[in-house]
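Colleague: Quick one, protein05.cif (mmCIF, C-alpha atoms):
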data_upload
loop_
_atom_site.label_atom_id
_atom_site.label_comp_id
_atom_site.auth_asym_id
_atom_site.auth_seq_id
_atom_site.Cartn_x
_atom_site.Cartn_y
_atom_site.Cartn_z
CA MET T 47 0.00 0.00 0.00
CA THR T 48 1.25 3.47 -0.86
CA VAL T 49 -0.09 6.83 0.30
CA GLU T 50 0.42 9.97 -1.77
CA LYS T 51 -0.39 13.55 -0.77
CA VAL T 52 -2.59 15.21 -3.38
CA ASP T 53 -3.18 18.51 -1.60
CA SER T 54 -3.51 19.83 1.97
CA HIS T 55 -6.76 17.92 2.51
CA THR T 56 -6.50 14.96 0.14
CA ILE T 57 -4.46 11.79 -0.05
CA LYS T 58 -4.42 9.00 -2.63
CA ILE T 59 -4.15 5.40 -1.40
CA THR T 60 -3.04 2.62 -3.75
CA PHE T 61 -3.22 -1.02 -2.74
CA ALA T 62 -0.80 -3.54 -4.25
CA LYS T 63 -3.67 -6.01 -4.81
CA PRO T 64 -7.46 -6.10 -4.37
CA LYS T 65 -8.47 -5.57 -0.74
CA ALA T 66 -12.10 -6.27 0.03
CA TYR T 67 -12.00 -4.80 3.53
CA TRP T 68 -9.94 -1.77 2.56
CA ALA T 69 -11.32 0.34 5.40
CA SER T 70 -9.61 -1.94 7.94
CA VAL T 71 -6.41 0.06 7.54
CA PHE T 72 -8.17 3.05 9.06
CA VAL T 73 -11.05 1.92 11.27
CA SER T 74 -10.39 -1.50 12.77
CA ASP T 75 -7.96 -3.32 15.00
CA PHE T 76 -5.72 -3.96 11.97
CA GLY T 77 -4.29 -0.48 12.33
CA MET T 78 -4.93 3.19 12.93
CA GLN T 79 -3.52 6.57 12.04
CA ILE T 80 -1.36 8.39 14.57
CA PRO T 81 0.48 11.74 14.33
CA LYS T 82 3.89 11.11 12.76
CA HIS T 83 5.56 14.09 14.44
CA LEU T 84 4.65 12.72 17.88
CA PHE T 85 5.44 9.05 17.36
CA GLN T 86 8.14 8.73 14.69
CA GLU T 87 10.86 8.52 17.35
CA PHE T 88 9.08 5.69 19.13
CA VAL T 89 8.69 2.78 16.73
CA GLY T 90 9.36 -0.90 17.30
CA ALA T 91 10.88 -1.72 20.69
CA LYS T 92 10.51 1.90 21.85
CA SER T 93 6.77 2.09 21.10
CA ARG T 94 5.75 1.77 24.77
CA GLU T 95 7.98 4.71 25.72
CA ALA T 96 6.13 7.37 23.71
CA PRO T 97 4.88 10.08 26.12
CA ASP T 98 1.78 10.61 24.01
CA ASN T 99 0.64 7.03 24.60
CA LEU T 100 -0.90 8.38 27.80
CA LYS T 101 -1.97 11.83 26.58
CA PRO T 102 -3.56 11.36 23.16
CA VAL T 103 -4.32 14.05 20.62
CA GLY T 104 -7.06 13.96 18.00
CA THR T 105 -10.01 15.72 16.42
CA GLY T 106 -12.78 14.37 18.68
CA PRO T 107 -15.41 16.26 20.67
CA TYR T 108 -13.27 16.35 23.82
CA LYS T 109 -9.63 17.22 24.51
CA PHE T 110 -7.44 15.21 26.83
CA VAL T 111 -6.98 16.68 30.32
CA GLU T 112 -5.81 13.96 32.70
CA PHE T 113 -5.24 10.21 32.91
CA VAL T 114 -4.49 8.27 36.09
CA PRO T 115 -3.87 4.60 35.13
CA GLY T 116 -6.42 2.27 36.66
CA ASP T 117 -8.41 5.18 38.05
CA ILE T 118 -9.70 8.07 35.95
CA VAL T 119 -9.66 9.88 32.60
CA ARG T 120 -10.83 13.47 32.21
CA GLY T 121 -11.61 15.41 29.07
CA ALA T 122 -12.73 18.98 28.33
CA ILE T 123 -14.88 20.25 25.48
CA ASN T 124 -13.12 20.81 22.17
CA LEU T 125 -14.24 24.31 21.19
CA ASN T 126 -12.86 23.76 17.69
CA TYR T 127 -14.87 20.60 17.06
CA HIS T 128 -15.89 20.34 13.42
CA ILE T 129 -19.64 19.88 14.10
CA GLU T 130 -21.42 23.08 15.11
CA ASN T 131 -22.98 23.19 18.60
CA ARG T 132 -21.41 19.84 19.57
CA PRO T 133 -20.75 18.27 21.99
CA TYR T 134 -23.45 19.05 24.53
CA PHE T 135 -21.40 18.61 27.72
CA ASP T 136 -18.54 20.83 28.86
CA ALA T 137 -16.52 17.96 30.30
CA ILE T 138 -16.39 14.20 30.54
CA GLU T 139 -15.05 11.95 33.29
CA LEU T 140 -14.41 8.21 32.95
CA LYS T 141 -13.90 6.15 36.09
CA GLY T 142 -12.00 2.86 36.02
CA GLY T 143 -11.42 0.09 38.54
CA GLY T 144 -14.01 -1.73 40.62
CA ASP T 145 -16.16 -4.54 39.26
CA ALA T 146 -19.07 -4.89 36.83
CA VAL T 147 -21.79 -5.14 39.50
CA SER T 148 -20.54 -2.02 41.27
CA ALA T 149 -20.47 -0.14 37.96
CA ALA T 150 -24.02 -1.21 37.15
CA ARG T 151 -25.21 -0.24 40.63
CA ALA T 152 -23.60 3.21 40.36
CA VAL T 153 -25.82 3.94 37.35
CA LEU T 154 -29.00 1.93 37.88
CA GLN T 155 -29.43 2.17 41.65
CA THR T 156 -27.50 5.08 43.16
CA GLY T 157 -27.44 7.36 40.09
CA GLU T 158 -23.86 8.35 40.92
CA TYR T 159 -22.80 7.92 37.29
CA ASP T 160 -24.60 8.35 33.97
CA TYR T 161 -23.19 5.42 32.02
CA ALA T 162 -21.49 2.05 32.56
CA TRP T 163 -19.88 0.17 29.69
CA ASN T 164 -19.60 -3.58 28.98
CA ILE T 165 -21.74 -4.70 31.89
CA GLN T 166 -20.96 -8.39 32.30
CA VAL T 167 -23.46 -9.07 35.04
CA GLU T 168 -26.11 -11.77 35.38
CA ASP T 169 -29.37 -10.59 33.86
CA GLU T 170 -31.30 -11.43 37.04
CA ILE T 171 -29.14 -8.96 38.98
CA LEU T 172 -29.48 -6.29 36.30
CA ARG T 173 -33.27 -6.57 36.40
CA ARG T 174 -33.30 -6.06 40.17
CA LEU T 175 -31.04 -3.02 39.87
CA GLU T 176 -33.26 -1.56 37.12
CA ASN T 177 -36.17 -1.58 39.56
CA GLY T 178 -34.47 1.35 41.29
CA GLY T 179 -35.82 3.51 38.47
CA LYS T 180 -32.69 5.61 38.00
CA GLY T 181 -31.32 3.80 34.98
CA ARG T 182 -31.98 1.37 32.16
CA ILE T 183 -30.13 -1.42 30.37
CA VAL T 184 -29.42 -1.05 26.66
CA SER T 185 -28.04 -3.95 24.65
CA VAL T 186 -27.16 -4.40 20.98
CA LEU T 187 -26.33 -7.74 19.38
CA GLY T 188 -23.37 -7.98 17.02
CA ALA T 189 -20.60 -10.47 16.29
CA ASP T 190 -19.07 -10.67 19.78
CA ILE T 191 -18.75 -14.36 20.63
CA GLU T 192 -18.13 -15.92 24.04
CA HIS T 193 -16.26 -19.07 23.11
CA ILE T 194 -13.91 -21.73 24.38
CA GLU T 195 -10.55 -22.17 22.70
CA LEU T 196 -8.68 -25.47 22.84
CA ASN T 197 -4.90 -25.35 23.01
CA PHE T 198 -3.58 -27.33 20.05
CA THR T 199 -0.03 -27.19 21.44
CA ASP T 200 1.28 -28.62 24.71
CA PRO T 201 1.03 -26.00 27.49
CA TRP T 202 2.89 -28.24 29.96
CA THR T 203 6.05 -28.87 27.93
CA GLU T 204 8.69 -26.16 27.54
CA VAL T 205 10.74 -25.94 24.34
CA ASP T 206 13.47 -23.30 24.02
CA GLY T 207 12.02 -21.37 26.94
CA GLU T 208 8.49 -21.43 25.54
CA ARG T 209 5.41 -23.37 26.58
CA SER T 210 2.54 -23.88 24.13
CA SER T 211 5.26 -23.99 21.49
CA LEU T 212 4.51 -24.74 17.86
CA LYS T 213 7.14 -27.47 18.14
CA THR T 214 4.70 -29.45 20.29
CA LYS T 215 1.23 -30.92 19.92
CA HIS T 216 -1.39 -31.19 22.61
CA PRO T 217 -1.24 -34.80 23.85
CA ILE T 218 -5.03 -35.20 23.94
CA PHE T 219 -6.75 -32.59 21.75
CA SER T 220 -5.26 -34.19 18.64
CA ASP T 221 -8.03 -36.75 19.21
CA GLN T 222 -11.12 -35.25 17.59
CA VAL T 223 -13.39 -37.55 19.61
CA VAL T 224 -12.33 -35.69 22.75
CA ARG T 225 -13.04 -32.36 21.07
CA GLU T 226 -16.45 -33.64 19.96
CA ALA T 227 -17.22 -34.77 23.51
CA LEU T 228 -16.29 -31.40 24.99
CA ASN T 229 -18.56 -29.68 22.47
CA LEU T 230 -21.46 -31.92 23.56
CA LEU T 231 -20.81 -31.11 27.22
CA VAL T 232 -21.37 -27.33 26.92
CA ASP T 233 -24.95 -26.64 28.04
CA ARG T 234 -25.44 -23.47 26.02
CA GLY T 235 -29.17 -23.43 26.74
CA SER T 236 -28.65 -23.18 30.50
CA VAL T 237 -25.88 -20.62 30.08
CA GLU T 238 -28.25 -18.40 28.08
CA ARG T 239 -31.31 -18.99 30.24
CA PHE T 240 -29.84 -18.78 33.73
CA ILE T 241 -26.78 -16.55 33.29
CA TYR T 242 -26.81 -14.24 30.27
CA GLY T 243 -30.53 -13.70 29.66
CA ARG T 244 -30.92 -10.60 27.47
CA SER T 245 -27.17 -10.30 27.03
CA GLY T 246 -26.39 -13.61 25.32
CA LYS T 247 -27.84 -15.98 22.73
CA ALA T 248 -26.81 -19.65 22.57
CA THR T 249 -25.09 -20.44 19.29
CA ALA T 250 -23.22 -23.17 17.42
CA ASN T 251 -21.46 -20.66 15.16
CA PHE T 252 -18.27 -18.73 15.75
CA LEU T 253 -19.31 -16.14 13.14
CA ASN T 254 -22.88 -14.98 13.83
CA ALA T 255 -23.21 -11.48 12.37
CA PRO T 256 -23.84 -9.57 10.20
CA GLU T 257 -26.69 -11.87 9.18
CA ARG T 258 -25.48 -12.51 5.62
CA PHE T 259 -22.31 -14.14 6.99
CA ALA T 260 -24.06 -16.44 9.48
CA SER T 261 -24.16 -20.14 8.62
CA LYS T 262 -27.52 -21.88 8.73
CA SER T 263 -26.10 -25.40 8.87
CA ALA T 264 -24.50 -25.55 12.33
CA THR T 265 -26.58 -26.66 15.32
CA TRP T 266 -25.64 -27.18 18.96
CA GLU T 267 -26.55 -30.08 21.21
CA PHE T 268 -26.08 -30.76 24.91
CA ASN T 269 -25.87 -34.51 25.40
CA VAL T 270 -23.88 -36.08 28.24
CA GLU T 271 -24.90 -39.60 27.25
CA LYS T 272 -23.65 -39.18 23.69
CA ALA T 273 -20.36 -37.76 24.94
CA ASN T 274 -19.93 -40.77 27.23
CA GLN T 275 -20.63 -43.20 24.42
CA ALA T 276 -18.20 -41.53 22.04
CA LEU T 277 -15.37 -41.53 24.57
CA GLU T 278 -16.03 -45.15 25.52
CA LEU T 279 -15.95 -46.30 21.89
CA ALA T 280 -12.71 -44.39 21.34
CA GLY T 281 -11.03 -46.31 24.14
CA TRP T 282 -11.19 -43.71 26.90
CA VAL T 283 -11.95 -45.87 29.96
CA ARG T 284 -12.94 -44.63 33.41
CA GLY T 285 -10.30 -45.10 36.08
CA ALA T 286 -10.85 -45.78 39.76
CA ASP T 287 -11.24 -42.04 40.37
CA GLY T 288 -13.90 -41.74 37.65
CA VAL T 289 -11.62 -39.87 35.24
CA ARG T 290 -11.20 -41.44 31.82
CA VAL T 291 -7.77 -42.59 30.72
CA LYS T 292 -6.17 -43.97 27.54
CA ASP T 293 -2.55 -44.91 26.90
CA GLY T 294 -1.61 -43.46 30.26
CA LYS T 295 -3.17 -40.05 29.47
CA LYS T 296 -5.98 -38.70 31.64
CA LEU T 297 -8.83 -36.48 30.53
CA LYS T 298 -7.83 -33.84 33.02
CA PHE T 299 -7.61 -30.22 31.86
CA VAL T 300 -6.98 -26.72 33.18
CA PHE T 301 -9.78 -24.38 32.05
CA GLN T 302 -9.03 -20.65 32.45
CA THR T 303 -10.94 -17.42 31.92
CA THR T 304 -11.23 -13.97 33.47
CA THR T 305 -12.49 -13.27 36.98
CA ASN T 306 -16.15 -12.49 36.41
CA ALA T 307 -19.32 -13.97 37.94
CA LEU T 308 -20.84 -14.86 34.57
CA ARG T 309 -17.73 -16.71 33.46
CA GLN T 310 -17.20 -18.53 36.75
CA LYS T 311 -20.82 -19.75 36.66
CA THR T 312 -20.40 -20.83 33.03
CA GLN T 313 -17.24 -22.69 34.01
CA ALA T 314 -19.14 -24.42 36.82
CA ILE T 315 -21.94 -25.57 34.50
CA ILE T 316 -19.41 -27.02 32.05
CA LYS T 317 -17.36 -28.67 34.81
CA GLN T 318 -20.44 -30.41 36.22
CA ALA T 319 -21.34 -31.86 32.82
CA CYS T 320 -17.74 -32.94 32.18
CA GLN T 321 -17.62 -34.81 35.49
CA LYS T 322 -20.59 -36.89 34.37
CA ALA T 323 -18.60 -37.87 31.27
CA GLY T 324 -15.37 -38.72 33.08
CA ILE T 325 -13.54 -35.48 32.32
CA GLU T 326 -11.97 -33.50 35.14
CA LEU T 327 -11.63 -29.72 34.80
CA GLU T 328 -9.46 -27.58 37.04
CA LEU T 329 -10.97 -24.11 36.94
CA LYS T 330 -8.74 -21.06 36.90
CA SER T 331 -9.76 -17.38 36.93
CA ILE T 332 -7.42 -14.52 36.09
CA ALA T 333 -7.88 -10.78 36.61
CA PRO T 334 -9.02 -9.22 33.30
CA SER T 335 -6.22 -6.66 33.45
CA VAL T 336 -3.76 -9.57 33.36
CA PHE T 337 -5.62 -11.96 31.05
CA PHE T 338 -6.04 -9.36 28.29
CA SER T 339 -2.66 -7.75 28.86
CA SER T 340 -0.02 -7.59 26.13
CA ASP T 341 2.71 -8.03 28.74
CA GLU T 342 5.14 -10.49 27.16
CA ALA T 343 6.61 -11.37 30.56
CA ASN T 344 3.30 -12.41 32.15
CA PRO T 345 2.49 -16.13 31.68
CA ASP T 346 -1.19 -15.66 32.56
CA THR T 347 -2.20 -13.69 29.47
CA ALA T 348 -4.68 -15.16 27.00
CA ALA T 349 -2.04 -15.04 24.28
CA HIS T 350 0.47 -17.11 26.27
CA PHE T 351 -2.34 -19.66 26.84
CA TYR T 352 -0.54 -21.79 29.39
CA ALA T 353 -3.64 -23.93 29.96
CA ASP T 354 -5.67 -26.53 28.05
CA LEU T 355 -8.85 -24.48 27.58
CA GLU T 356 -9.67 -20.80 27.84
CA MET T 357 -12.84 -18.76 27.44
CA PHE T 358 -13.28 -15.12 26.43
CA THR T 359 -15.03 -12.84 23.92
CA PRO T 360 -13.32 -11.24 20.93
CA SER T 361 -15.15 -8.26 19.44
CA GLY T 362 -16.32 -8.59 15.85
CA ASP T 363 -16.31 -5.88 13.19
CA ALA T 364 -19.10 -5.24 10.70
CA ASP T 365 -16.81 -7.10 8.31
CA PRO T 366 -15.79 -10.64 9.45
CA GLU T 367 -12.17 -10.40 8.34
CA PHE T 368 -10.78 -9.43 11.73
CA LEU T 369 -12.74 -12.05 13.68
CA MET T 370 -11.84 -14.87 11.31
CA ARG T 371 -8.20 -13.86 11.35
CA LEU T 372 -8.04 -15.36 14.85
CA PHE T 373 -7.49 -18.77 13.26
CA ALA T 374 -5.08 -17.83 10.46
CA SER T 375 -1.75 -19.69 10.69
CA TRP T 376 0.37 -16.56 10.34
CA GLU T 377 -1.38 -15.03 13.37
CA VAL T 378 -0.18 -17.65 15.87
CA ALA T 379 0.98 -16.08 19.15
CA THR T 380 4.58 -17.11 19.85
CA LYS T 381 7.61 -16.06 21.82
CA ALA T 382 9.16 -14.85 18.55
CA ASN T 383 6.40 -12.26 18.02
CA LYS T 384 6.21 -11.47 21.75
CA TRP T 385 2.82 -13.22 21.92
CA GLN T 386 1.19 -10.46 19.87
CA GLY T 387 -0.43 -12.84 17.36
CA LEU T 388 -4.21 -13.11 17.31
CA ASN T 389 -4.27 -16.91 16.96
CA ARG T 390 -4.02 -17.97 20.60
CA SER T 391 -5.19 -21.56 20.14
CA ARG T 392 -2.32 -22.32 17.73
CA TRP T 393 -4.75 -24.24 15.48
CA ARG T 394 -3.51 -24.29 11.89
CA SER T 395 -4.98 -25.44 8.60
CA ASP T 396 -3.77 -24.86 5.03
CA GLU T 397 -7.36 -25.21 3.80
CA TYR T 398 -8.62 -22.54 6.17
CA ASP T 399 -5.71 -20.24 5.29
CA GLN T 400 -6.53 -20.56 1.60
CA MET T 401 -10.19 -19.65 2.14
CA PHE T 402 -9.16 -16.64 4.23
CA ARG T 403 -6.77 -15.38 1.54
CA GLU T 404 -9.48 -15.76 -1.11
CA ALA T 405 -11.99 -13.83 1.02
CA ALA T 406 -9.48 -11.02 1.62
CA ILE T 407 -9.33 -10.20 -2.12
CA GLU T 408 -12.83 -11.26 -3.22
CA LEU T 409 -14.77 -8.16 -4.31
CA ASP T 410 -18.05 -9.94 -5.12
CA PRO T 411 -20.06 -9.59 -1.85
CA ILE T 412 -22.05 -12.80 -2.40
CA LYS T 413 -18.99 -14.94 -3.12
CA ARG T 414 -17.16 -13.35 -0.20
CA ALA T 415 -20.01 -14.09 2.20
CA GLY T 416 -19.98 -17.69 0.98
CA LEU T 417 -16.28 -17.99 1.77
CA PHE T 418 -16.74 -16.74 5.33
CA ILE T 419 -19.65 -19.14 5.88
CA ARG T 420 -17.44 -22.01 4.65
CA MET T 421 -14.67 -20.89 7.01
CA ASN T 422 -17.05 -20.87 9.98
CA ASP T 423 -18.43 -24.30 9.08
CA PHE T 424 -14.90 -25.66 8.70
CA LEU T 425 -13.96 -24.42 12.19
CA ILE T 426 -17.07 -26.01 13.68
CA GLN T 427 -16.72 -29.33 11.83
CA GLU T 428 -13.10 -29.61 12.96
CA ARG T 429 -14.08 -28.61 16.51
CA ALA T 430 -11.29 -26.07 16.33
CA VAL T 431 -13.38 -23.85 18.61
CA ILE T 432 -16.42 -24.27 20.87
CA PRO T 433 -18.88 -21.34 20.61
CA VAL T 434 -20.99 -20.70 23.71
CA VAL T 435 -23.14 -17.55 23.36
CA GLN T 436 -23.36 -14.65 20.94
CA ARG T 437 -22.86 -11.79 23.37
CA SER T 438 -24.64 -8.47 23.29
CA ASN T 439 -22.93 -5.17 23.96
CA VAL T 440 -24.62 -4.36 27.27
CA ALA T 441 -24.56 -0.91 28.87
CA ALA T 442 -26.32 0.88 31.71
CA PHE T 443 -27.63 4.42 31.17
CA ASN T 444 -29.14 7.03 33.44
CA THR T 445 -32.78 7.45 32.40
CA GLU T 446 -32.12 11.09 31.43
CA ILE T 447 -29.19 10.32 29.11
CA HIS T 448 -29.89 9.87 25.42
CA ALA T 449 -27.22 8.04 23.42
CA THR T 450 -26.91 5.61 20.52
CA LEU T 451 -24.93 2.37 20.75
CA SER T 452 -23.69 0.26 17.87
CA PRO T 453 -22.57 -3.40 17.85
CA TRP T 454 -19.84 -2.45 15.38
CA GLU T 455 -18.25 0.57 17.02
CA GLY T 456 -16.74 1.51 20.36
CA PRO T 457 -19.10 2.79 23.06
CA PHE T 458 -18.28 6.45 22.37
CA TRP T 459 -18.61 6.47 18.58
CA LEU T 460 -21.35 9.16 18.70
CA LEU T 461 -20.31 10.79 21.96
CA GLN T 462 -20.74 14.24 20.43
CA ASP T 463 -24.51 13.59 20.20
CA TRP T 464 -25.06 12.42 23.78
CA TYR T 465 -27.32 14.74 25.75
CA ARG T 466 -29.30 14.92 28.99
CA GLU T 467 -33.03 15.44 28.80
CA ALA T 468 -34.07 18.34 31.02
#
Hey, can you dump this file as structure tokens for me?

Modeller:
Amino acid sequence: MTVEKVDSHTIKITFAKPKAYWASVFVSDFGMQIPKHLFQEFVGAKSREAPDNLKPVGTGPYKFVEFVPGDIVRGAINLNYHIENRPYFDAIELKGGGDAVSAARAVLQTGEYDYAWNIQVEDEILRRLENGGKGRIVSVLGADIEHIELNFTDPWTEVDGERSSLKTKHPIFSDQVVREALNLLVDRGSVERFIYGRSGKATANFLNAPERFASKSATWEFNVEKANQALELAGWVRGADGVRVKDGKKLKFVFQTTTNALRQKTQAIIKQACQKAGIELELKSIAPSVFFSSDEANPDTAAHFYADLEMFTPSGDADPEFLMRLFASWEVATKANKWQGLNRSRWRSDEYDQMFREAAIELDPIKRAGLFIRMNDFLIQERAVIPVVQRSNVAAFNTEIHATLSPWEGPFWLLQDWYREA
């Protein structure tokens, strides 16, 4: 890709080859534009040292005032904002820390705050808090998918100072029967009904939205008996402790996710079903600030994946390219790339890679949608991933605040239009 300056307000972008999702260079997690004069001295290994990492500049409705890591961000109105008479508020204050229930309560019950983002709280609790009358829950359904990833490398063997190395294979997950059994032991219906409620929809697909990309062929089933039968036929026999074993290998796995009531309850439901099938799960919860960290020295990040199974939600764009990149071979997270790759499960397939490359340059929208549907179906057929629920973007708003949320954008995409009804 080359970028040429045409005049003071115009640039010309030329791609080396067709690029169906061309906007990704500017609007998605693939990349973003930053001021060259502020960051050109801080590229590569020095990128974390740039002073402006913590005091951003831009053309938004508010100007940066203060940031205290883990605590608070303050902004003041941008009087030079390009839309007349916007924004409506003179200042904005974002509070961090705490937990999801406390954040929801601060809006819905006490009215201390006007808005709480990404409320991962059981729907039953949210409904009780809403009865306070000071706030309301707003949710929008997009492509966010709560799913379980299986580690296709060995997290317990170290090679050249690296666990979950591509030079290893998981000693048990190479058996597809085990993967099939685990898929049958996820009670998605109960997870939706008793935990997520309005904020999650049980699904068998990894790619669920936009609608034209969603496969109609995949279905989910919760069946402990079928899982037991499959494992028995494959030679996995129950030991004296009730855990199945074959060739000296036990069906005993470490299952990690973030510390959050919804996820711990989901883990518990899955563990109970697995016990009935002779599979033992050791549950592990990690602080979100650690789990989603890019800290290459921390072994508990999702990208290191030093466990057998892990559960989380990646956010999906309006175009599926970013979400489906999570299983591309060249995106594998490794020590060599400082665990920055998107493919945490280390699953690899030449067939999948080929479909992805075709979709990336396919300009016919119908053919491109067909490729993404095939990619989803391939992932599901191979049990490369276990979808749980299609998650909504859930937020709490003060009853007086009027704002618009989108499943495809960040929570503040139309912040300039937020207003309080008198």

Colleague: Restricting the calculation to all atoms listed in the file, which member of T:Gly188, T:Pro411, T:Pro345, T:Pro334 is positioned closest to Gly144 of chain T?

Modeller: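 Closest to Gly144 of chain T, using all atoms listed in the file: T:Pro334.
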
Colleague: Determine, counting only C-alpha atoms, which protein, DNA and RNA residues have an atom within 7 Å of an atom of Asn439 of chain T; residues of the same chain fewer than 4 positions away are not included. Present the result as a list in words.

Modeller: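 The contact residues come out as Asn164, Ser185, Val186, Leu187 and Pro453 of chain T.
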
Colleague: Which residues would end up in the selection if the PyMOL selection byres ((chain T and resi 139) around 12) were applied here, given that I need the answer as a PDB file with C-alpha atoms, in the frame of the given file?

Modeller:
ATOM      1  CA  TYR T 108     -13.270  16.350  23.820  1.00  0.00           C
ATOM      2  CA  LYS T 109      -9.630  17.220  24.510  1.00  0.00           C
ATOM      3  CA  PHE T 110      -7.440  15.210  26.830  1.00  0.00           C
ATOM      4  CA  VAL T 111      -6.980  16.680  30.320  1.00  0.00           C
ATOM      5  CA  GLU T 112      -5.810  13.960  32.700  1.00  0.00           C
ATOM      6  CA  PHE T 113      -5.240  10.210  32.910  1.00  0.00           C
ATOM      7  CA  VAL T 114      -4.490   8.270  36.090  1.00  0.00           C
ATOM      8  CA  ASP T 117      -8.410   5.180  38.050  1.00  0.00           C
ATOM      9  CA  ILE T 118      -9.700   8.070  35.950  1.00  0.00           C
ATOM     10  CA  VAL T 119      -9.660   9.880  32.600  1.00  0.00           C
ATOM     11  CA  ARG T 120     -10.830  13.470  32.210  1.00  0.00           C
ATOM     12  CA  GLY T 121     -11.610  15.410  29.070  1.00  0.00           C
ATOM     13  CA  ALA T 122     -12.730  18.980  28.330  1.00  0.00           C
ATOM     14  CA  ILE T 123     -14.880  20.250  25.480  1.00  0.00           C
ATOM     15  CA  PHE T 135     -21.400  18.610  27.720  1.00  0.00           C
ATOM     16  CA  ASP T 136     -18.540  20.830  28.860  1.00  0.00           C
ATOM     17  CA  ALA T 137     -16.520  17.960  30.300  1.00  0.00           C
ATOM     18  CA  ILE T 138     -16.390  14.200  30.540  1.00  0.00           C
ATOM     19  CA  LEU T 140     -14.410   8.210  32.950  1.00  0.00           C
ATOM     20  CA  LYS T 141     -13.900   6.150  36.090  1.00  0.00           C
ATOM     21  CA  GLY T 142     -12.000   2.860  36.020  1.00  0.00           C
ATOM     22  CA  TYR T 159     -22.800   7.920  37.290  1.00  0.00           C
ATOM     23  CA  ASP T 160     -24.600   8.350  33.970  1.00  0.00           C
ATOM     24  CA  TYR T 161     -23.190   5.420  32.020  1.00  0.00           C
ATOM     25  CA  ALA T 162     -21.490   2.050  32.560  1.00  0.00           C
TER      26      ALA T 162
END

Colleague: Report, in Å to a single decimal, how far apart atom CA of Gly324 of chain T and atom CA of Arg290 of chain T are.

Modeller: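 Atom-to-atom, atom CA of Arg290 of chain T and atom CA of Gly324 of chain T are spaced 5.1 Å apart.
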
Colleague: Quick one: residues within 10 Å of (-8.9, -37.2, 22.0) (file frame), counting all atoms listed in the file, please, as a list in words.

Modeller: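 Residues with an atom at most 10 Å from (-8.9, -37.2, 22.0): His216, Pro217, Ile218, Phe219, Ser220, Asp221, Gln222, Val223, Val224, Arg225, Glu226, Ala227, Leu228, Leu277, Ala280, Gly281, Trp282, Lys292, Lys295 and Leu297 of chain T.
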
Colleague: Could you spell out the hits of the PyMOL selection byres ((chain T and resi 316) around 9) on the shown file, as a list in words?

Modeller: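 Taken on the displayed file, the PyMOL selection byres ((chain T and resi 316) around 9) yields the residues Leu228, Leu231, Val232, Asp233, Lys311, Thr312, Gln313, Ala314, Ile315, Lys317, Gln318, Ala319, Cys320, Gln321 and Leu327 of chain T.
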
Colleague: For Asn344 of chain T, list every protein, DNA or RNA residue within 12 Å, evaluated using only C-alpha atoms, and leave out those in the same chain fewer than 4 positions away; present the list as JSON, numbers by chain.

Modeller: {"T": [332, 335, 336, 337, 338, 339, 340, 348, 349, 350, 351, 352, 381, 384, 385]}

Colleague: Check what the PyMOL selection byres ((chain T and resi 211) around 8) selects in the file above and give those residues as a VMD selection string.

Modeller: chain T and resid 199 to 201 204 to 205 208 to 210 212 to 214 380

Colleague: I need the residue nearest Glu328 of chain T from this list: T:Arg173, T:Thr347, T:Asp354, T:Asp341. Use only C-alpha atoms for the distance.

Modeller: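 Answer, going by the shortest atom-to-atom distance: T:Asp354.
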
Colleague: What is the atom CA of Thr249 of chain T-atom CA of Trp266 of chain T distance in Å, reported with one decimal?

Modeller: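 Computing it gives 6.8 Å between the two atoms.
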
Colleague: Between T:Val300, T:Ala150, T:Ile59, T:Ala441, which one has atoms that come closest to Arg244 of chain T, using only C-alpha atoms?

Modeller: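 For Arg244 of chain T, the nearest of the given residues is T:Ala441.
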
Colleague: Using all atoms listed in the file for the distances, tell me which of T:Asn254, T:Thr265, T:Ser375, T:Ser438 is nearest to Asp399 of chain T.

Modeller: T:Ser375

Colleague: Restricting the calculation to all atoms listed in the file: of T:Lys296, T:Ala442, T:Leu461, T:Val283, which residue gets closest to Gly157 of chain T?

Modeller: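 Distance minimum relative to Gly157 of chain T lands on T:Ala442.
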
Colleague: Pick from T:Val378, T:Ile432, T:Val270, T:Ile407: nearest to Ile194 of chain T, with only C-alpha atoms counted?

Modeller: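 Of the candidates, the smallest distance to Ile194 of chain T is held by T:Ile432.
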
Colleague: In Å, how far is it from atom CA of Ser245 of chain T to atom CA of Asp363 of chain T?

Modeller: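 Taking atom CA of Ser245 of chain T and atom CA of Asp363 of chain T, their separation equals 18.1 Å.
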
Colleague: Select segment 153-164 of chain T in the preceding structure and write C-alpha atoms to a file as a CSV table (one decimal), in the first residue's frame.

Modeller:
chain,number,residue,atom,x,y,z
T,153,VAL,CA,-25.8,3.9,37.3
T,154,LEU,CA,-29.0,1.9,37.9
T,155,GLN,CA,-29.4,2.2,41.6
T,156,THR,CA,-27.5,5.1,43.2
T,157,GLY,CA,-27.4,7.4,40.1
T,158,GLU,CA,-23.9,8.3,40.9
T,159,TYR,CA,-22.8,7.9,37.3
T,160,ASP,CA,-24.6,8.3,34.0
T,161,TYR,CA,-23.2,5.4,32.0
T,162,ALA,CA,-21.5,2.0,32.6
T,163,TRP,CA,-19.9,0.2,29.7
T,164,ASN,CA,-19.6,-3.6,29.0
